[in-house]
$ cat start21.txt   # compact mmCIF, C-alpha atoms
# COMPACT_ATOMS: atom_id res chain seq x y z
CA MET Z 206 -15.99 95.14 57.68
CA SER Z 207 -17.33 98.08 55.68
CA HIS Z 208 -15.28 99.70 53.00
CA GLU Z 209 -15.27 102.18 50.20
CA ILE Z 210 -14.27 101.90 46.59
CA LYS Z 211 -11.17 103.90 45.95
CA GLU Z 212 -10.73 103.25 42.28
CA ASN Z 213 -11.73 101.01 39.48
CA GLU Z 214 -9.34 100.54 36.64
CA SER Z 215 -9.21 98.27 33.65
CA ALA Z 216 -5.81 97.14 32.43
CA GLY Z 217 -6.33 95.24 29.18
CA GLU Z 218 -7.93 91.93 30.03
CA MET Z 219 -7.06 92.28 33.69
CA HIS Z 220 -9.17 94.54 35.90
CA ARG Z 221 -8.12 95.94 39.23
CA ARG Z 222 -10.47 97.42 41.80
CA ARG Z 223 -9.00 98.90 44.94
CA ILE Z 224 -10.85 99.47 48.19
CA ARG Z 225 -9.71 100.95 51.46
CA MET Z 226 -10.65 99.13 54.65
CA LYS Z 227 -11.64 100.88 57.87
CA ASP Z 228 -8.25 100.28 59.43
CA GLY Z 229 -6.58 101.98 56.46
CA ARG Z 230 -5.28 98.91 54.70
CA TYR Z 231 -5.89 98.53 50.97
CA MET Z 232 -7.36 95.55 49.23
CA ILE Z 233 -7.21 94.96 45.48
CA PHE Z 234 -9.66 92.73 43.64
CA TYR Z 235 -8.29 91.34 40.38
CA THR Z 236 -10.74 90.12 37.80
CA PHE Z 237 -10.38 89.15 34.18
CA ASP Z 238 -12.56 89.73 31.16
CA ASP Z 239 -13.57 86.11 30.82
CA GLU Z 240 -15.01 86.20 34.34
CA SER Z 241 -16.85 89.50 34.08
CA GLU Z 242 -20.16 87.83 34.91
CA ALA Z 243 -18.88 86.60 38.24
CA VAL Z 244 -17.54 90.06 38.97
CA ALA Z 245 -20.90 91.67 38.34
CA ASP Z 246 -22.54 89.20 40.70
CA SER Z 247 -20.07 90.01 43.45
CA GLU Z 248 -20.92 93.68 43.33
CA VAL Z 249 -24.66 93.27 43.72
CA ALA Z 250 -24.49 92.79 47.47
CA LEU Z 251 -22.08 95.64 48.08
CA PRO Z 252 -22.94 99.04 49.51
CA GLU Z 253 -23.03 101.88 47.00
CA PRO Z 254 -19.40 102.69 46.23
CA GLN Z 255 -18.15 106.17 47.00
CA PRO Z 256 -15.25 107.04 44.72
CA ASP Z 257 -12.33 108.58 46.53
CA LYS Z 258 -11.55 111.94 44.95
CA GLN Z 259 -7.92 111.55 45.90
CA ALA Z 260 -7.56 108.27 44.06
CA GLU Z 261 -4.56 108.21 41.80
CA ASP Z 262 -4.15 106.54 38.47
CA GLU Z 263 -2.18 103.33 38.53
CA PRO Z 264 0.23 102.04 35.92
CA ARG Z 265 -1.35 99.92 33.23
CA VAL Z 266 -0.24 96.31 33.06
CA MET O 1089 6.81 96.37 68.41
CA SER O 1090 8.65 96.16 65.14
CA GLU O 1091 12.06 97.20 63.91
CA LEU O 1092 15.05 96.05 61.89
CA ARG O 1093 18.15 95.10 63.90
CA TRP O 1094 21.54 94.68 62.27
CA ASN O 1095 23.41 91.42 62.78
CA PRO O 1096 27.08 92.47 62.53
CA LEU O 1097 28.26 88.84 62.52
CA LEU O 1098 26.45 88.00 59.30
CA GLY O 1099 25.89 91.46 57.88
CA GLU O 1100 22.14 90.93 57.75
CA TRP O 1101 19.01 92.68 58.96
CA VAL O 1102 16.68 90.82 61.34
CA ALA O 1103 13.07 91.99 61.71
CA THR O 1104 11.41 91.94 65.09
CA ALA O 1105 7.61 91.87 64.90
CA THR O 1106 6.21 91.00 68.29
CA HIS O 1107 2.59 91.66 67.26
CA ARG O 1108 2.78 88.62 64.97
CA GLN O 1109 2.60 86.40 68.06
CA ASN O 1110 -1.11 87.21 68.13
CA ARG O 1111 -1.89 86.31 64.51
CA THR O 1112 -4.70 83.93 63.67
CA PHE O 1113 -3.52 80.34 64.07
CA LEU O 1114 -5.22 77.48 62.24
CA PRO O 1115 -8.82 78.66 62.72
CA PRO O 1116 -11.74 76.27 62.06
CA GLU O 1117 -12.87 76.32 58.42
CA ASN O 1118 -16.08 78.25 59.15
CA PHE O 1119 -14.02 81.07 60.68
CA CYS O 1120 -11.37 81.33 57.98
CA PRO O 1121 -10.42 85.03 57.64
CA LEU O 1122 -9.50 84.59 53.95
CA CYS O 1123 -12.84 83.16 52.79
CA PRO O 1124 -15.37 85.53 51.19
CA THR O 1125 -17.88 87.19 53.52
CA LYS O 1126 -21.21 85.57 52.80
CA PRO O 1127 -24.42 87.60 53.34
CA GLY O 1128 -25.37 87.24 57.00
CA GLY O 1129 -22.26 85.23 57.71
CA PHE O 1130 -19.07 85.65 59.68
CA PRO O 1131 -17.32 88.87 58.52
CA THR O 1132 -13.96 87.75 57.17
CA GLU O 1133 -11.05 89.94 56.05
CA VAL O 1134 -12.54 89.99 52.54
CA PRO O 1135 -15.77 92.03 52.58
CA GLU O 1136 -17.25 90.59 49.38
CA SER O 1137 -19.24 87.48 48.64
CA THR O 1138 -16.88 86.19 45.98
CA TYR O 1139 -13.67 87.10 44.22
CA ASP O 1140 -11.12 85.77 41.78
CA ILE O 1141 -7.70 86.84 43.10
CA VAL O 1142 -7.30 89.36 45.93
CA ALA O 1143 -4.22 91.19 47.20
CA PHE O 1144 -4.24 93.12 50.47
CA GLU O 1145 -2.00 94.40 53.21
CA ASN O 1146 -1.25 91.76 55.83
CA LEU O 1147 -3.06 92.35 59.13
CA PHE O 1148 0.08 91.22 60.97
CA PRO O 1149 2.92 92.69 58.89
CA SER O 1150 6.58 92.53 59.73
CA LEU O 1151 7.14 95.54 57.42
CA ARG O 1152 4.85 98.58 57.11
CA PRO O 1153 4.68 101.57 54.74
CA VAL O 1154 4.54 103.86 57.77
CA PRO O 1155 6.54 101.95 60.38
CA GLU O 1156 6.55 102.32 64.13
CA GLN O 1157 9.53 103.88 65.81
CA PRO O 1158 11.99 101.18 66.92
CA ALA O 1159 11.52 99.94 70.47
CA VAL O 1160 15.25 100.23 71.15
CA GLU O 1161 17.96 102.70 70.23
CA GLY O 1162 20.64 101.61 67.83
CA SER O 1163 24.40 102.03 68.21
CA GLU O 1164 27.48 101.90 66.03
CA LEU O 1165 27.76 98.17 66.68
CA TYR O 1166 24.02 97.50 66.57
CA PRO O 1167 22.32 99.74 63.99
CA VAL O 1168 18.51 99.79 64.19
CA ARG O 1169 16.08 101.15 61.62
CA PRO O 1170 12.30 101.29 61.28
CA SER O 1171 10.84 98.23 59.58
CA GLN O 1172 9.59 100.11 56.56
CA GLY O 1173 8.30 98.06 53.66
CA GLU O 1174 5.14 96.22 52.84
CA CYS O 1175 3.63 92.79 53.45
CA GLU O 1176 0.78 91.61 51.25
CA VAL O 1177 -1.41 88.54 51.26
CA LEU O 1178 -2.47 87.18 47.88
CA ILE O 1179 -5.56 84.95 47.99
CA TYR O 1180 -5.70 82.60 45.04
CA SER O 1181 -9.32 81.51 45.21
CA PRO O 1182 -12.56 81.98 47.18
CA ASN O 1183 -12.64 78.19 47.58
CA HIS O 1184 -11.20 77.32 50.98
CA ASP O 1185 -10.41 73.73 50.06
CA THR O 1186 -8.52 74.15 46.81
CA THR O 1187 -4.78 74.46 46.28
CA LEU O 1188 -2.69 76.01 43.54
CA ALA O 1189 -1.95 72.49 42.27
CA GLN O 1190 -5.67 71.78 41.93
CA GLU O 1191 -6.52 75.02 40.17
CA PRO O 1192 -6.80 75.03 36.35
CA VAL O 1193 -3.89 76.37 34.34
CA GLU O 1194 -6.02 79.40 33.47
CA LYS O 1195 -5.95 80.42 37.14
CA LEU O 1196 -2.19 80.05 37.26
CA ASP O 1197 -1.96 82.27 34.19
CA LYS O 1198 -3.99 84.91 36.02
CA LEU O 1199 -1.78 84.57 39.06
CA VAL O 1200 1.35 85.16 36.97
CA ARG O 1201 -0.21 88.38 35.71
CA VAL O 1202 -1.18 89.48 39.21
CA TRP O 1203 2.34 88.72 40.45
CA THR O 1204 3.64 90.94 37.65
CA ASP O 1205 1.30 93.75 38.64
CA ARG O 1206 2.31 93.54 42.30
CA PHE O 1207 6.00 93.55 41.31
CA ILE O 1208 5.45 96.76 39.35
CA GLU O 1209 3.36 98.55 41.98
CA LEU O 1210 5.35 97.58 45.05
CA GLY O 1211 8.66 98.00 43.24
CA ALA O 1212 7.74 101.59 42.42
CA ARG O 1213 7.62 102.57 46.13
CA ASP O 1214 10.61 104.74 46.96
CA TYR O 1215 11.28 102.77 50.14
CA VAL O 1216 11.29 99.37 48.42
CA ASP O 1217 14.44 97.75 46.99
CA TYR O 1218 13.22 94.20 46.56
CA VAL O 1219 9.84 92.53 45.95
CA PHE O 1220 9.79 88.96 47.21
CA ILE O 1221 6.85 86.79 46.11
CA PHE O 1222 6.41 83.47 47.88
CA GLU O 1223 4.06 80.81 49.15
CA ASN O 1224 4.28 78.65 52.25
CA LYS O 1225 2.04 75.63 51.81
CA GLY O 1226 1.15 73.01 54.38
CA GLU O 1227 1.37 72.64 58.14
CA ALA O 1228 4.76 70.99 57.67
CA ILE O 1229 6.00 74.42 56.58
CA GLY O 1230 4.25 76.15 59.47
CA VAL O 1231 1.30 77.79 57.74
CA THR O 1232 -1.23 79.37 60.08
CA LEU O 1233 -4.07 79.57 57.53
CA HIS O 1234 -5.02 76.74 55.19
CA HIS O 1235 -6.93 78.89 52.71
CA PRO O 1236 -4.90 78.90 49.45
CA HIS O 1237 -2.77 82.02 49.49
CA GLY O 1238 0.67 83.38 48.87
CA GLN O 1239 2.51 86.36 50.28
CA ILE O 1240 4.62 89.25 49.08
CA TYR O 1241 7.26 91.05 51.12
CA ALA O 1242 8.50 94.36 49.77
CA TYR O 1243 11.85 94.82 51.50
CA PRO O 1244 13.72 98.12 52.01
CA PHE O 1245 16.94 96.28 51.10
CA VAL O 1246 18.06 93.37 48.93
CA PRO O 1247 17.75 90.27 51.16
CA PRO O 1248 20.93 88.27 51.78
CA ARG O 1249 20.14 85.17 49.74
CA ILE O 1250 19.28 87.27 46.69
CA ALA O 1251 22.36 89.41 47.29
CA ARG O 1252 24.48 86.25 47.28
CA GLU O 1253 22.95 85.10 43.98
CA LEU O 1254 23.53 88.54 42.51
CA GLU O 1255 27.13 88.47 43.66
CA MET O 1256 27.80 85.01 42.20
CA SER O 1257 26.02 85.90 38.94
CA ARG O 1258 27.98 89.11 38.55
CA ALA O 1259 31.28 87.36 39.25
CA HIS O 1260 30.46 84.68 36.66
CA ARG O 1261 29.58 87.33 34.09
CA GLU O 1262 32.86 89.16 34.74
CA ARG O 1263 34.86 85.96 34.52
CA THR O 1264 33.20 84.36 31.48
CA THR O 1265 31.09 87.15 29.90
CA ARG O 1266 28.15 84.74 30.18
CA CYS O 1267 25.08 84.52 32.41
CA LEU O 1268 25.51 82.00 35.23
CA LEU O 1269 21.96 80.69 35.08
CA CYS O 1270 22.05 80.48 31.27
CA ASP O 1271 25.08 78.21 31.73
CA ILE O 1272 23.24 76.16 34.38
CA ILE O 1273 20.25 75.77 32.05
CA ALA O 1274 22.50 74.64 29.20
CA GLU O 1275 24.17 72.10 31.47
CA GLU O 1276 20.87 70.76 32.82
CA LEU O 1277 19.47 70.41 29.30
CA ARG O 1278 22.68 68.73 28.09
CA ASP O 1279 22.70 66.24 30.97
CA ALA O 1280 18.88 65.84 31.00
CA ARG O 1281 18.81 63.48 33.99
CA ARG O 1282 17.58 66.17 36.36
CA ILE O 1283 14.94 67.68 34.07
CA VAL O 1284 11.41 67.33 35.45
CA ALA O 1285 9.42 69.16 32.77
CA GLU O 1286 10.01 71.46 29.84
CA ASN O 1287 8.06 73.66 27.47
CA ALA O 1288 8.92 76.31 24.89
CA SER O 1289 10.01 78.93 27.42
CA PHE O 1290 10.86 77.21 30.71
CA ILE O 1291 12.44 74.13 32.23
CA ALA O 1292 11.72 72.59 35.61
CA CYS O 1293 14.55 70.59 37.13
CA ILE O 1294 16.03 69.41 40.39
CA PRO O 1295 19.37 71.13 40.02
CA PHE O 1296 22.75 69.45 40.39
CA PHE O 1297 23.23 71.29 43.69
CA ALA O 1298 19.77 70.68 45.21
CA ARG O 1299 19.70 70.90 48.98
CA TRP O 1300 16.25 69.34 49.51
CA PRO O 1301 15.27 65.93 48.07
CA TYR O 1302 12.58 67.36 45.80
CA GLU O 1303 13.95 70.90 45.48
CA THR O 1304 12.68 71.94 42.06
CA HIS O 1305 13.68 75.04 40.15
CA ILE O 1306 11.88 76.62 37.22
CA TYR O 1307 14.21 78.51 34.90
CA ALA O 1308 13.25 80.89 32.11
CA LYS O 1309 15.04 79.74 28.96
CA ARG O 1310 15.30 83.30 27.72
CA HIS O 1311 17.70 85.55 29.59
CA THR O 1312 15.22 87.60 31.63
CA GLN O 1313 15.50 89.28 34.99
CA ALA O 1314 11.93 89.75 36.19
CA LEU O 1315 8.28 88.91 35.55
CA THR O 1316 7.94 92.20 33.70
CA ASP O 1317 10.21 90.89 30.94
CA PHE O 1318 7.72 88.22 29.87
CA GLY O 1319 5.30 88.50 26.95
CA ARG O 1320 1.92 86.83 27.03
CA ASP O 1321 3.24 83.60 25.50
CA GLU O 1322 5.87 83.35 28.22
CA GLN O 1323 3.32 84.13 30.93
CA ARG O 1324 1.20 81.26 29.66
CA ALA O 1325 4.22 78.99 29.41
CA LEU O 1326 5.13 79.82 33.01
CA ALA O 1327 1.59 78.96 34.11
CA GLU O 1328 1.88 75.66 32.25
CA ILE O 1329 5.13 74.57 33.79
CA LEU O 1330 3.93 75.61 37.24
CA LYS O 1331 0.84 73.47 36.73
CA MET O 1332 2.90 70.50 35.52
CA THR O 1333 5.26 70.76 38.48
CA LEU O 1334 2.62 71.30 41.17
CA ALA O 1335 0.43 68.45 39.87
CA ALA O 1336 3.45 66.11 39.81
CA PHE O 1337 4.22 67.07 43.42
CA ASP O 1338 0.72 66.03 44.52
CA ARG O 1339 0.94 62.74 42.61
CA LEU O 1340 4.26 61.85 44.24
CA PHE O 1341 2.87 60.60 47.55
CA ASN O 1342 -0.81 60.98 46.66
CA LEU O 1343 -1.25 63.90 49.05
CA SER O 1344 -1.31 67.67 48.97
CA PHE O 1345 2.43 68.27 48.82
CA PRO O 1346 3.83 70.91 51.21
CA TYR O 1347 6.42 73.34 49.92
CA MET O 1348 7.92 76.77 50.05
CA MET O 1349 7.78 78.48 46.64
CA VAL O 1350 9.92 81.57 46.08
CA LEU O 1351 10.35 83.83 43.07
CA HIS O 1352 13.86 85.14 42.53
CA GLN O 1353 13.90 88.32 40.47
CA ARG O 1354 16.19 91.30 40.10
CA PRO O 1355 15.98 94.12 42.63
CA THR O 1356 13.46 96.78 41.71
CA GLY O 1357 15.78 99.74 41.36
CA GLY O 1358 17.42 100.19 37.96
CA ALA O 1359 16.39 97.30 35.72
CA ASP O 1360 19.42 97.74 33.47
CA ALA O 1361 21.78 97.41 36.41
CA TYR O 1362 21.07 93.70 36.85
CA ASP O 1363 21.42 92.36 33.34
CA TYR O 1364 23.70 89.63 34.68
CA TYR O 1365 20.87 88.14 36.80
CA HIS O 1366 18.30 85.59 35.64
CA PHE O 1367 14.67 85.09 36.72
CA HIS O 1368 13.75 81.78 38.31
CA ILE O 1369 11.41 80.11 40.78
CA GLU O 1370 12.53 77.71 43.50
CA PHE O 1371 10.47 75.13 45.40
CA TYR O 1372 11.69 73.73 48.71
CA PRO O 1373 9.46 70.77 49.67
CA PRO O 1374 10.25 69.48 53.17
CA MET O 1375 9.23 65.84 52.52
CA ARG O 1376 12.00 63.32 51.84
CA THR O 1377 9.67 60.29 51.82
CA ALA O 1378 5.90 59.81 52.05
CA THR O 1379 6.14 59.80 55.85
CA LYS O 1380 9.35 61.64 56.69
CA LEU O 1381 10.31 65.30 56.73
CA LYS O 1382 13.71 66.81 56.24
CA TYR O 1383 14.52 69.12 59.14
CA LEU O 1384 16.98 71.97 59.09
CA ALA O 1385 19.18 70.76 61.93
CA GLY O 1386 22.66 71.61 63.18
CA SER O 1387 24.62 71.56 59.94
CA GLU O 1388 21.96 73.31 57.88
CA THR O 1389 21.00 75.92 60.47
CA GLY O 1390 24.22 76.35 62.38
CA ALA O 1391 26.76 76.04 59.58
CA GLY O 1392 24.71 76.80 56.51
CA MET O 1393 25.70 73.52 54.89
CA PHE O 1394 22.84 71.40 53.65
CA ILE O 1395 23.05 67.63 53.59
CA ASN O 1396 20.79 66.11 50.95
CA ASP O 1397 19.98 62.48 51.73
CA THR O 1398 19.07 61.76 48.11
CA LEU O 1399 20.41 62.00 44.58
CA PRO O 1400 18.83 64.75 42.48
CA GLU O 1401 19.04 62.49 39.40
CA GLU O 1402 16.85 59.84 41.08
CA LYS O 1403 14.35 62.27 42.57
CA ALA O 1404 13.97 64.11 39.26
CA ALA O 1405 13.22 60.80 37.51
CA GLU O 1406 10.47 60.14 40.08
CA LEU O 1407 8.86 63.51 39.45
CA ARG O 1408 9.37 63.41 35.67
CA ALA O 1409 7.39 60.17 35.47
CA LEU O 1410 4.45 61.94 37.12
CA VAL O 1411 4.32 64.99 34.84
CA GLU O 1412 1.29 65.14 32.60
CA PRO O 1413 0.43 67.45 29.70
CA VAL O 1414 -1.47 70.62 30.53
CA ARG O 1415 -4.79 71.24 28.84
CA TRP O 1416 -6.18 74.71 28.36
CA LYS O 1417 -9.90 75.25 28.06
CA GLN O 1418 -9.67 77.67 25.19
CA GLN O 1419 -6.29 77.22 23.60
CA PRO O 1420 -3.84 74.42 22.86
CA GLY O 1421 -1.34 73.76 25.61
CA SER O 1422 2.23 72.66 25.15
CA VAL O 1423 3.39 69.12 25.74
CA SER O 1424 5.28 68.06 28.83
CA ARG O 1425 8.54 66.23 28.74
CA SER O 1426 7.90 62.88 30.38
$ encode --input "start21.txt" --output "structure tokens"
Amino acid sequence: MSHEIKENESAGEMHRRRIRMKDGRYMIFYTFDDESEAVADSEVALPEPQPDKQAEDEPRV
Amino acid sequence: MSELRWNPLLGEWVATATHRQNRTFLPPENFCPLCPTKPGGFPTEVPESTYDIVAFENLFPSLRPVPEQPAVEGSELYPVRPSQGECEVLIYSPNHDTTLAQEPVEKLDKLVRVWTDRFIELGARDYVDYVFIFENKGEAIGVTLHHPHGQIYAYPFVPPRIARELEMSRAHRERTTRCLLCDIIAEELRDARRIVAENASFIACIPFFARWPYETHIYAKRHTQALTDFGRDEQRALAEILKMTLAAFDRLFNLSFPYMMVLHQRPTGGADAYDYYHFHIEFYPPMRTATKLKYLAGSETGAGMFINDTLPEEKAAELRALVEPVRWKQQPGSVSRS
């Protein structure tokens, strides 16, 4: 299922990256600073993200 | 087809969600929709090759942000409303074969923080009155996917069981000026026979009034109403006591213990309006022995009166003997009460 990156926000040690799936549903990937290496690996195989200009800021946690 | 139908006998909403009949049911492991999508492999619901914790909208929701129109018209006797709300799936791990009990305490700490984030985001929706975080674990509970995951329902109303707790808590506050759950915690600590585990910020116990043999509650010692009230130390302490409790469950019969886990928090509108309420987590394990399940039969389902075949004091002693200290990789953990 292809997707696009809607936003990428850091919230302290917890990071939240939101994508929008083709059927319109959202999916949020939570990662944490101590696992940043694993996060970087996961993004290697992804298609080039296209930021959504309508993305809104989310509350910090 | 999906809508909310009013039950005038009980004063409760019932959701119809006929599309859920078609949801994925116990797929083989190599076709698990919650596993990561491996390069060249079966495309799962999660389009990445790995992840830590993922939240997403349920493919088969009973509540939707933009709901369908009801399939039937309501009436004065039978009000009907669109099933507006939100249903999320929360995947704990990319590992299909793990469970929350098997995950390190660091993962539970992360999960507590993700729960908090979802409570904030979903609670901010103008159509949401209550954020309900829960996990159904095990085929005995009726899970349709074995991959370790929880769920979140964001309801457009305060659900009846929470409303009842709110009502009883408010009445106790008005009568005594004290918090009901603070009084329960004081009584459980004074008696001590039903305590399963304890750390600086939380206790786990099988309460005096347990309905299930191993029904375990986790109570915040500090008078708090929601996950958002906790500082980092309390988040870690909650992760610790969850780990102690879940690991003890699995040791009980030397199997992956099935349960329902539910978080009871204040409604999301007006934090100050629910100062009389008290955050807690409840576990309802269906097993009453290593080989027998407790079923919700006539009395429980038809009358709402539970019959517990066991004594909470004895079951708590069994669990307490199985609680072990939690060890953090990078910081000292607290000591269990065992």
$ residues_around --input "start21.txt" --residues "Ile1179 (chain O)" --least-positions-apart "4" --cutoff "12 Å" --atoms "only C-alpha atoms" --output "PyMOL selection string"
(chain Z and resi 232-235) or (chain O and resi 1121-1124+1133-1134+1138-1146+1183-1184+1186-1188+1195+1199+1202-1203+1223+1233-1240)
$ closest_residue --input "start21.txt" --among "O:Lys1198, O:Tyr1302, O:Glu1100, O:Tyr1180" --to "Glu218 (chain Z)" --atoms "all atoms listed in the file"
O:Lys1198
$ residues_around --input "start21.txt" --residues "Leu1196 (chain O)" --least-positions-apart "2" --cutoff "9 Å" --atoms "all atoms listed in the file" --output "list in words"
Tyr1180, Leu1188, Glu1191, Pro1192, Val1193, Glu1194, Lys1198, Leu1199, Val1200, Arg1201, Arg1324, Leu1326, Ala1327, Glu1328, Leu1330 and Lys1331 of chain O
$ write_last_selection --input "start21.txt" --atoms "C-alpha atoms" --output "short mmCIF file (atom, residue, chain, number, x, y, z; two decimals), in the frame of the given file"
data_model
loop_
_atom_site.label_atom_id
_atom_site.label_comp_id
_atom_site.auth_asym_id
_atom_site.auth_seq_id
_atom_site.Cartn_x
_atom_site.Cartn_y
_atom_site.Cartn_z
CA TYR O 1180 -5.70 82.60 45.04
CA LEU O 1188 -2.69 76.01 43.54
CA GLU O 1191 -6.52 75.02 40.17
CA PRO O 1192 -6.80 75.03 36.35
CA VAL O 1193 -3.89 76.37 34.34
CA GLU O 1194 -6.02 79.40 33.47
CA LYS O 1198 -3.99 84.91 36.02
CA LEU O 1199 -1.78 84.57 39.06
CA VAL O 1200 1.35 85.16 36.97
CA ARG O 1201 -0.21 88.38 35.71
CA ARG O 1324 1.20 81.26 29.66
CA LEU O 1326 5.13 79.82 33.01
CA ALA O 1327 1.59 78.96 34.11
CA GLU O 1328 1.88 75.66 32.25
CA LEU O 1330 3.93 75.61 37.24
CA LYS O 1331 0.84 73.47 36.73
#
$ residues_around --input "start21.txt" --residues "region 1405-1413 of chain O" --least-positions-apart "6" --cutoff "12 Å" --atoms "all atoms listed in the file" --output "count of residues only"
42
$ atom_distance --input "start21.txt" --atom1 "CA of Glu1255 (chain O)" --atom2 "CA of Tyr1362 (chain O)"
10.5 Å
$ atom_distance --input "start21.txt" --atom1 "CA of Asn1118 (chain O)" --atom2 "CA of Glu1174 (chain O)"
28.5 Å
$ axis_aligned_box --input "start21.txt" --around "region 1217-1233 of chain O" --padding-each-side "8 Å" --output "lines of an AutoDock Vina configuration file"
center_x = 5.2
center_y = 84.4
center_z = 53.0
size_x = 34.5
size_y = 42.8
size_z = 30.1
$ atom_distance --input "start21.txt" --atom1 "CA of Leu1147 (chain O)" --atom2 "CA of Gly1173 (chain O)"
13.8 Å
$ residues_around --input "start21.txt" --residues "Pro1373 (chain O)" --least-positions-apart "2" --cutoff "6 Å" --atoms "all atoms listed in the file" --output "ChimeraX atom specification"
/O:1346-1347,1375
$ closest_residue --input "start21.txt" --among "O:Phe1296, O:Asp1205, O:Pro1355, O:Ala1325" --to "His220 (chain Z)" --atoms "all atoms listed in the file"
O:Asp1205
$ residues_around --input "start21.txt" --residues "Phe1367 (chain O)" --least-positions-apart "4" --cutoff "6 Å" --atoms "only C-alpha atoms" --output "list in words"
Thr1312, Gln1313, Ala1314, His1352 and Gln1353 of chain O
$ closest_residue --input "start21.txt" --among "O:Glu1262, O:Glu1209, O:Glu1164, O:Asp1197" --to "Tyr1364 (chain O)" --atoms "all atoms listed in the file"
O:Glu1262
$ closest_residue --input "start21.txt" --among "O:Glu1227, O:Glu1276, O:Asp1317, O:Glu1161" --to "chain Z" --atoms "all atoms listed in the file"
O:Asp1317
